[in-house]
Amino acid sequence: VLPLLIIICISSSLAAPTSTTQSTVDQTSTRSVAITAPVRTHSTSLPHGRFSGTANEMGALNNSVVGTGIVAPLPVDPEATKYPSDGQLHEPQPAPYAPAGGLGTNGTIPVYKAESDWDYESLALALYQEWIELDLFHNGLDRFSADDFIAAGLGAEERFLIRYMADQELGHLTMISNILGPQAPQQCVYNYPYGTVREFFDFCQKLTRFGEAGVYGYLLHLNSREAAQLLLQAITTEARQQLIFRQFDGVFPMPEWFQVGIPQSWAWTLLAPHISYCPGNQTRLAWQNFPALWVLSQPNPARQNGSAGFNETIEAGTNTLNSTVASSDACAPNSTDTLNDCRLAITQDRTIPLSYPGRRVELVWESPGKLVGPNNSYITSSQAGSPKYVAWVTQLNVTYSPLQVSNSTFGSTIQPNFTTYMGDPAVNGTMFIAITDDDPQLSPFNISFINPHVVAGPALYQAG
């Protein structure tokens, strides 16, 4: 009956209720009534390209501001360390086989709606993400022919999988729309950097990575535990999509022990440049857009030696690979050469790693003040001081390496060597880096406190 509660608890003026099929019980009899709820209306034939024009509104959504920043760190709440963790029960049980405690377990009916500005803005960001993924997956299938996919090493079954993943996004965006109500963000027009099938795969695996990581960064901070539950059940599907696109990209599907979480403003910074324009009444977001960051020495999975490439990305932020590599250095999609094998595969143990500790990473970044996002109506900004560090945000870790600044927008650093736990190199997978003015000690639960220190970024770093 849970999806039915969503319908009860939100505005009935929204066009599309939840997209699942379920049964509920007629209160006057014992018969079951099947309910099939429709998904949101959407188009699969919108144009694509960059926005040209002048925005009617400028900047992030805002209200009166009561301070210059959130004070951190505050002292540890004594209640947080009170529980003895000795394996025994310390409170009377409210029911058989039910230990005391737990949020939302007291029998109240769940209400699936935003309960704060934080909730609404976070869920609206997630909906922007779901809309672009729906469009992106269809666009790749429309732009490239079946022969293009075969030349890249994939066939009809993989094309069907991508189409099915688009259907999954339709379910996700319908669910979030029902939570948000009639002002939920609408479908927009998008622009993409890729020109080949391999670049499409790389862009997809990076976009799904920051979509997934962006939700992990705020999920446990939502006031609405009910909304968090549904969003969790959607984002775990997103994680599987990211794994699939990594396989299509010719890299190991899950090289990390833990998935990373990032702040909302990081996800919005990476997403906004790919939204060209939106309807005139589109819901605006409050999150910050940081200056973009290029990784000039980004490892390139389209190379046999991925770490040997330089300036082989086609945009900042996501740093999508450029698949135009000399044939002697490129991955051959259907090669049987096991020594230099980097073709698309269910799993891939690359003989030459994409990156390694001690590798020099060259970076260039933009200055604040650039117009980005829907209708060029958002403005990149930074409250940070001079650039001093590169933050490596990966798995459970936030660590820093010194930045050697060559000029105001160019510098380099050395890829650090550290682990999450022994045996798990922290710098691995599709992870995040940013230029910062300080090196505050942070963990996954308070990662958003890094925002005042961000000079530029984040950028996706293809560590493995």
# chains A, B, ... in the order shown; residues from 1 in each chain; ligands from 1
>>> select_by_dssp(residues="region 292-403 of chain A", states="strand (DSSP E)", output="list in words")
Leu293, Trp294, Val295, Arg360, Val361, Glu362, Leu363, Val364, Trp365, Leu371, Val372, Tyr378, Ile379, Tyr389, Val390, Ala391, Trp392, Val393, Thr394, Asn397, Val398, Thr399, Tyr400, Ser401 and Pro402 of chain A
>>> write_last_selection(atoms="N, CA and C atoms", output="compact mmCIF listing (two decimals), in the first residue's frame")
# COMPACT_ATOMS: atom_id res chain seq x y z
N LEU A 293 36.58 23.08 -13.57
CA LEU A 293 37.94 22.58 -13.40
C LEU A 293 38.24 21.53 -14.47
N TRP A 294 39.34 21.75 -15.22
CA TRP A 294 39.81 20.78 -16.21
C TRP A 294 40.95 19.96 -15.60
N VAL A 295 40.96 18.67 -15.91
CA VAL A 295 42.11 17.82 -15.58
C VAL A 295 42.86 17.58 -16.88
N ARG A 360 51.87 12.95 -11.61
CA ARG A 360 51.63 14.39 -11.64
C ARG A 360 50.30 14.67 -12.34
N VAL A 361 49.47 15.47 -11.71
CA VAL A 361 48.14 15.81 -12.24
C VAL A 361 48.13 17.30 -12.55
N GLU A 362 47.98 17.63 -13.83
CA GLU A 362 47.96 19.02 -14.30
C GLU A 362 46.52 19.52 -14.35
N LEU A 363 46.31 20.73 -13.83
CA LEU A 363 44.96 21.27 -13.69
C LEU A 363 44.89 22.70 -14.21
N VAL A 364 43.75 23.05 -14.76
CA VAL A 364 43.46 24.43 -15.14
C VAL A 364 42.01 24.71 -14.78
N TRP A 365 41.73 25.91 -14.29
CA TRP A 365 40.38 26.21 -13.82
C TRP A 365 39.94 27.59 -14.28
N LEU A 371 28.42 32.57 -16.91
CA LEU A 371 27.02 32.20 -16.99
C LEU A 371 26.90 30.74 -17.41
N VAL A 372 26.13 29.97 -16.65
CA VAL A 372 25.97 28.54 -16.93
C VAL A 372 24.53 28.13 -16.70
N TYR A 378 22.39 31.07 -14.36
CA TYR A 378 23.12 30.88 -13.11
C TYR A 378 24.55 31.39 -13.30
N ILE A 379 25.17 31.82 -12.22
CA ILE A 379 26.47 32.47 -12.29
C ILE A 379 27.45 31.73 -11.39
N TYR A 389 45.36 23.90 -2.24
CA TYR A 389 45.30 22.45 -2.13
C TYR A 389 44.42 21.86 -3.23
N VAL A 390 44.62 20.56 -3.45
CA VAL A 390 43.67 19.77 -4.23
C VAL A 390 43.01 18.80 -3.25
N ALA A 391 41.70 18.88 -3.15
CA ALA A 391 40.93 17.95 -2.30
C ALA A 391 40.60 16.70 -3.11
N TRP A 392 40.90 15.55 -2.54
CA TRP A 392 40.59 14.25 -3.15
C TRP A 392 39.43 13.65 -2.36
N VAL A 393 38.25 13.63 -2.97
CA VAL A 393 37.03 13.17 -2.30
C VAL A 393 36.67 11.81 -2.90
N THR A 394 36.84 10.77 -2.08
CA THR A 394 36.75 9.42 -2.59
C THR A 394 36.37 8.46 -1.47
N ASN A 397 36.83 9.07 2.35
CA ASN A 397 37.93 9.98 2.65
C ASN A 397 37.78 11.35 1.99
N VAL A 398 38.24 12.37 2.70
CA VAL A 398 38.56 13.66 2.11
C VAL A 398 39.99 13.97 2.52
N THR A 399 40.90 13.99 1.58
CA THR A 399 42.29 14.31 1.90
C THR A 399 42.78 15.34 0.91
N TYR A 400 43.97 15.90 1.16
CA TYR A 400 44.45 17.04 0.40
C TYR A 400 45.89 16.82 -0.02
N SER A 401 46.22 17.33 -1.18
CA SER A 401 47.61 17.37 -1.63
C SER A 401 47.96 18.81 -1.96
N PRO A 402 49.21 19.22 -1.72
CA PRO A 402 49.59 20.61 -2.01
C PRO A 402 49.45 20.92 -3.50
>>> residues_around(residues="region 51-53 of chain A", least_positions_apart="3", cutoff="8 Å", atoms="only C-alpha atoms", output="short mmCIF file (atom, residue, chain, number, x, y, z; two decimals) with N, CA, C and O atoms, in the first residue's frame")
data_model
loop_
_atom_site.label_atom_id
_atom_site.label_comp_id
_atom_site.auth_asym_id
_atom_site.auth_seq_id
_atom_site.Cartn_x
_atom_site.Cartn_y
_atom_site.Cartn_z
N SER A 276 20.58 23.31 -21.44
CA SER A 276 20.60 24.49 -22.30
C SER A 276 19.52 25.48 -21.92
O SER A 276 19.81 26.64 -21.63
N TYR A 277 18.27 25.05 -21.94
CA TYR A 277 17.19 25.93 -21.52
C TYR A 277 16.01 25.10 -21.04
O TYR A 277 15.85 23.93 -21.39
N PRO A 374 20.60 26.33 -17.10
CA PRO A 374 19.41 26.62 -17.89
C PRO A 374 19.32 28.09 -18.27
O PRO A 374 19.42 28.96 -17.41
N ASN A 375 19.20 28.36 -19.57
CA ASN A 375 19.02 29.73 -20.08
C ASN A 375 20.19 30.64 -19.71
O ASN A 375 20.03 31.87 -19.67
N ASN A 376 21.37 30.07 -19.42
CA ASN A 376 22.52 30.87 -18.95
C ASN A 376 22.12 31.80 -17.80
O ASN A 376 22.52 32.97 -17.75
#
>>> closest_atom_pairs(of="region 169-194 of chain A", to="region 116-125 of chain A", cutoff="8 Å", atoms="only C-alpha atoms", output="CSV")
residue,atom,partner,partner_atom,distance
A:Ile176,CA,A:Leu123,CA,6.8
A:Leu180,CA,A:Tyr120,CA,6.8
A:Ala184,CA,A:Ala124,CA,6.7
A:Pro185,CA,A:Ala124,CA,6.5
>>> closest_residue(among="A:Val215, A:Ala146, A:Leu173, A:Leu207", to="Ile235 (chain A)", atoms="only C-alpha atoms")
A:Val215
>>> closest_residue(among="A:Leu141, A:Ala228, A:Val65, A:Val197", to="Val111 (chain A)", atoms="only C-alpha atoms")
A:Ala228
>>> residues_around(residues="Leu136 (chain A)", least_positions_apart="4", cutoff="8 Å", atoms="only C-alpha atoms", output="ChimeraX atom specification")
/A:132,140,204
>>> closest_residue(among="A:Gln441, A:Thr320, A:Ser367, A:Asn281", to="Thr409 (chain A)", atoms="only C-alpha atoms")
A:Ser367
>>> residues_around(residues="region 186-188 of chain A", least_positions_apart="6", cutoff="8 Å", atoms="only C-alpha atoms", output="list in words")
His42, Tyr128, Trp131, Ile132, Ile275, Ser276, Tyr277, Cys278, Pro279, Gln282 and Thr283 of chain A
>>> select_by_dssp(residues="region 151-373 of chain A", states="alpha helix (DSSP H)", output="ChimeraX atom specification")
/A:151,156-180,197-218,225-248,264-271
>>> atom_distance(atom1="CA of Glu91 (chain A)", atom2="CA of Asn106 (chain A)")
14.8 Å
>>> closest_residue(among="A:Val454, A:Leu243, A:Ala459, A:Ala316", to="Pro193 (chain A)", atoms="only C-alpha atoms")
A:Ala316
>>> residues_around(residues="Pro387 (chain A)", least_positions_apart="5", cutoff="10 Å", atoms="only C-alpha atoms", output="PyMOL selection string")
chain A and resi 402-405+408-411+435-438+453-456
>>> residues_around(residues="Gly101 (chain A)", least_positions_apart="3", cutoff="12 Å", atoms="only C-alpha atoms", output="JSON list (two decimals) with N, CA, C and O atoms, in the first residue's frame")
[["chain", "number", "residue", "atom", "x", "y", "z"],
["A", 83, "TYR", "N", 25.20, 5.79, 24.13],
["A", 83, "TYR", "CA", 24.84, 4.37, 24.02],
["A", 83, "TYR", "C", 26.07, 3.50, 24.21],
["A", 83, "TYR", "O", 27.11, 3.72, 23.58],
["A", 89, "LEU", "N", 20.44, -5.30, 25.39],
["A", 89, "LEU", "CA", 19.30, -4.40, 25.27],
["A", 89, "LEU", "C", 19.22, -3.53, 26.53],
["A", 89, "LEU", "O", 19.31, -4.05, 27.65],
["A", 90, "HIS", "N", 19.03, -2.22, 26.35],
["A", 90, "HIS", "CA", 19.08, -1.29, 27.48],
["A", 90, "HIS", "C", 17.76, -0.58, 27.74],
["A", 90, "HIS", "O", 17.66, 0.19, 28.69],
["A", 91, "GLU", "N", 16.76, -0.78, 26.90],
["A", 91, "GLU", "CA", 15.45, -0.16, 27.08],
["A", 91, "GLU", "C", 14.38, -1.24, 26.91],
["A", 91, "GLU", "O", 14.59, -2.24, 26.20],
["A", 92, "PRO", "N", 13.21, -1.05, 27.53],
["A", 92, "PRO", "CA", 12.11, -2.01, 27.31],
["A", 92, "PRO", "C", 11.74, -2.08, 25.84],
["A", 92, "PRO", "O", 11.76, -1.07, 25.12],
["A", 93, "GLN", "N", 11.40, -3.25, 25.36],
["A", 93, "GLN", "CA", 11.03, -3.42, 23.97],
["A", 93, "GLN", "C", 9.58, -2.99, 23.74],
["A", 93, "GLN", "O", 8.69, -3.37, 24.51],
["A", 94, "PRO", "N", 9.31, -2.19, 22.73],
["A", 94, "PRO", "CA", 7.93, -1.74, 22.48],
["A", 94, "PRO", "C", 7.03, -2.86, 21.99],
["A", 94, "PRO", "O", 5.81, -2.75, 22.07],
["A", 95, "ALA", "N", 7.63, -3.92, 21.44],
["A", 95, "ALA", "CA", 6.86, -5.07, 20.95],
["A", 95, "ALA", "C", 7.80, -6.26, 20.88],
["A", 95, "ALA", "O", 9.02, -6.08, 20.90],
["A", 98, "ALA", "N", 11.25, -6.45, 18.76],
["A", 98, "ALA", "CA", 11.49, -5.08, 18.32],
["A", 98, "ALA", "C", 12.31, -4.34, 19.37],
["A", 98, "ALA", "O", 11.79, -4.03, 20.45],
["A", 104, "GLY", "N", 10.83, 6.80, 13.00],
["A", 104, "GLY", "CA", 9.69, 6.46, 12.17],
["A", 104, "GLY", "C", 9.18, 5.05, 12.36],
["A", 104, "GLY", "O", 8.56, 4.48, 11.45],
["A", 105, "THR", "N", 9.42, 4.47, 13.52],
["A", 105, "THR", "CA", 9.00, 3.09, 13.77],
["A", 105, "THR", "C", 7.92, 3.01, 14.85],
["A", 105, "THR", "O", 7.70, 1.93, 15.41],
["A", 106, "ASN", "N", 7.26, 4.13, 15.14],
["A", 106, "ASN", "CA", 6.28, 4.15, 16.23],
["A", 106, "ASN", "C", 4.85, 3.92, 15.76],
["A", 106, "ASN", "O", 3.90, 4.16, 16.49]]
>>> closest_residue(among="A:Gly107, A:Gly429, A:Pro458, A:Gly214", to="Pro353 (chain A)", atoms="only C-alpha atoms")
A:Gly429
>>> atom_distance(atom1="CA of Glu133 (chain A)", atom2="CA of Pro182 (chain A)")
21.1 Å
